[in-house]
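Single-structure report; data block below.
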Amino acid sequence: MLLEFGLYLVTGMIAGFFAGLFGIGGGLIIVPVLTTVFVLFLDGEHLVHLAIGTSMATILITSLASVKTHQKASAVRWDLFKTLTPGVVIGGLLGSLIAHLISANFLAKLFAIIEMAIAFKLLLNMQPSPQRTLSGWIGQSSAGTVIGCLSTLVGIGGGTLTTPYLIWHNVSIRHAIATSSAVSLPIASAGTLGFMISGWQVTQLPNYTTGYLYWPAFIGITLASFFTAPMGARLTHQLPANTLRKAFAILLFILAIKMFWF
């Protein structure tokens, strides 16, 4: 149990730092790591769902710590947060409630594909057309619904999709990262609630679970990430991110390959 909890602490330290730095919520790191740790220490056939549900819950704490730091730099675009939030909440609930209908193997591969696509985009550093701007309320709410649904299906906070979406529409990278951290809060709230409900009646789950939320992992990860997320968020406003962006892309490739072989 001590080794298991120590792995959760280390995961939280790393995930929290990158969550603050890139506004990603941390699920890209947490889900594949938890999946591996759960296979080693837990029994059951719902380990990917458990990893995703637990990841969603940890993102609440990680994102809150990140947002507080980004807000001190006045980087959060609350106007965009307001237009995206209704859609991401609906999408988050929808994704979490249908996730239990999808096989763990399919979820693992879907996660890996999304990770690889994001890694390619980071490495290629693709730039949007200078004429592209954000659409109106309906368009942003629709985009939020898609972001929320996909994010909760694979256990990421939404920033992984929100940040590229905002940058693609010529929102500055610092504002995109900070706003994505804020958008992760309603996605994680809706997703956590949905995974707890959808896993409530599932049998053969490990001890210390509430639905698809495994409390020892949640506690270990959030204890560490609450301190490291602000560190990453501060670096967003102090250092050039080019080298870190490429390093993170390589990390995503490694994690994606691991999930393909789940």
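Following the order of the structure tokens, first chain is A, next is B, and so on, with residues numbered from 1 inside each chain and ligands from 1 in the order they appear.
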Original post:
Near range 182-196 of chain A, within 8 Å and counting only C-alpha atoms, which residues show up once chain neighbours fewer than 2 positions away are dropped, as a PyMOL selection string?
Top reply: chain A and resi 24-25+53-54+56-57+59-60+63-64+67+76+81+84-85+88-90+92-97+148+151-152+157-159+162+178-180+198-200+210-213
Original post:
Leaving out range 113-116 of chain A and any residue of its chain fewer than 3 positions from it, which residues lie within 9 Å of it when counting only C-alpha atoms, given as a list in words?
Top reply: Leu28, Ala108, Lys109, Leu110, Ala119, Phe120, Lys121, Val154, Thr160, Ala249, Leu252, Phe253, Leu255, Ala256, Ile257 and Phe260 of chain A
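Computed from the coordinates, the CA of Gly87 in chain A to CA of His169 in chain A distance equals 17.7 Å.
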**OP:** If you run DSSP over the backbone, which residues in range 7-209 of chain A end up helix (DSSP H, G or I)? Put them as number ranges by chain.
**Re:** A: 7-22, 27-41, 47-72, 78-99, 104-124, 137-154, 159-168, 173-198
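For the atom pair formed by CA of Asn242 in chain A and CA of Val10 in chain A, the distance is 24.8 Å, given to one decimal.
The residue that comes closest to Pro32 in chain A, out of A:Arg77, A:His237, A:His49, A:Lys68 and on the basis of only C-alpha atoms, is A:His49.
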**OP:** Pick out the residues sitting within 9 Å of His70 in chain A, and hand them over as a PyMOL selection string; count only C-alpha atoms, and ignore anything fewer than 3 positions along from it in its own chain.
**Re:** chain A and resi 20+65-67+73-76+174-175+177-179+181+230+233-234+236-237
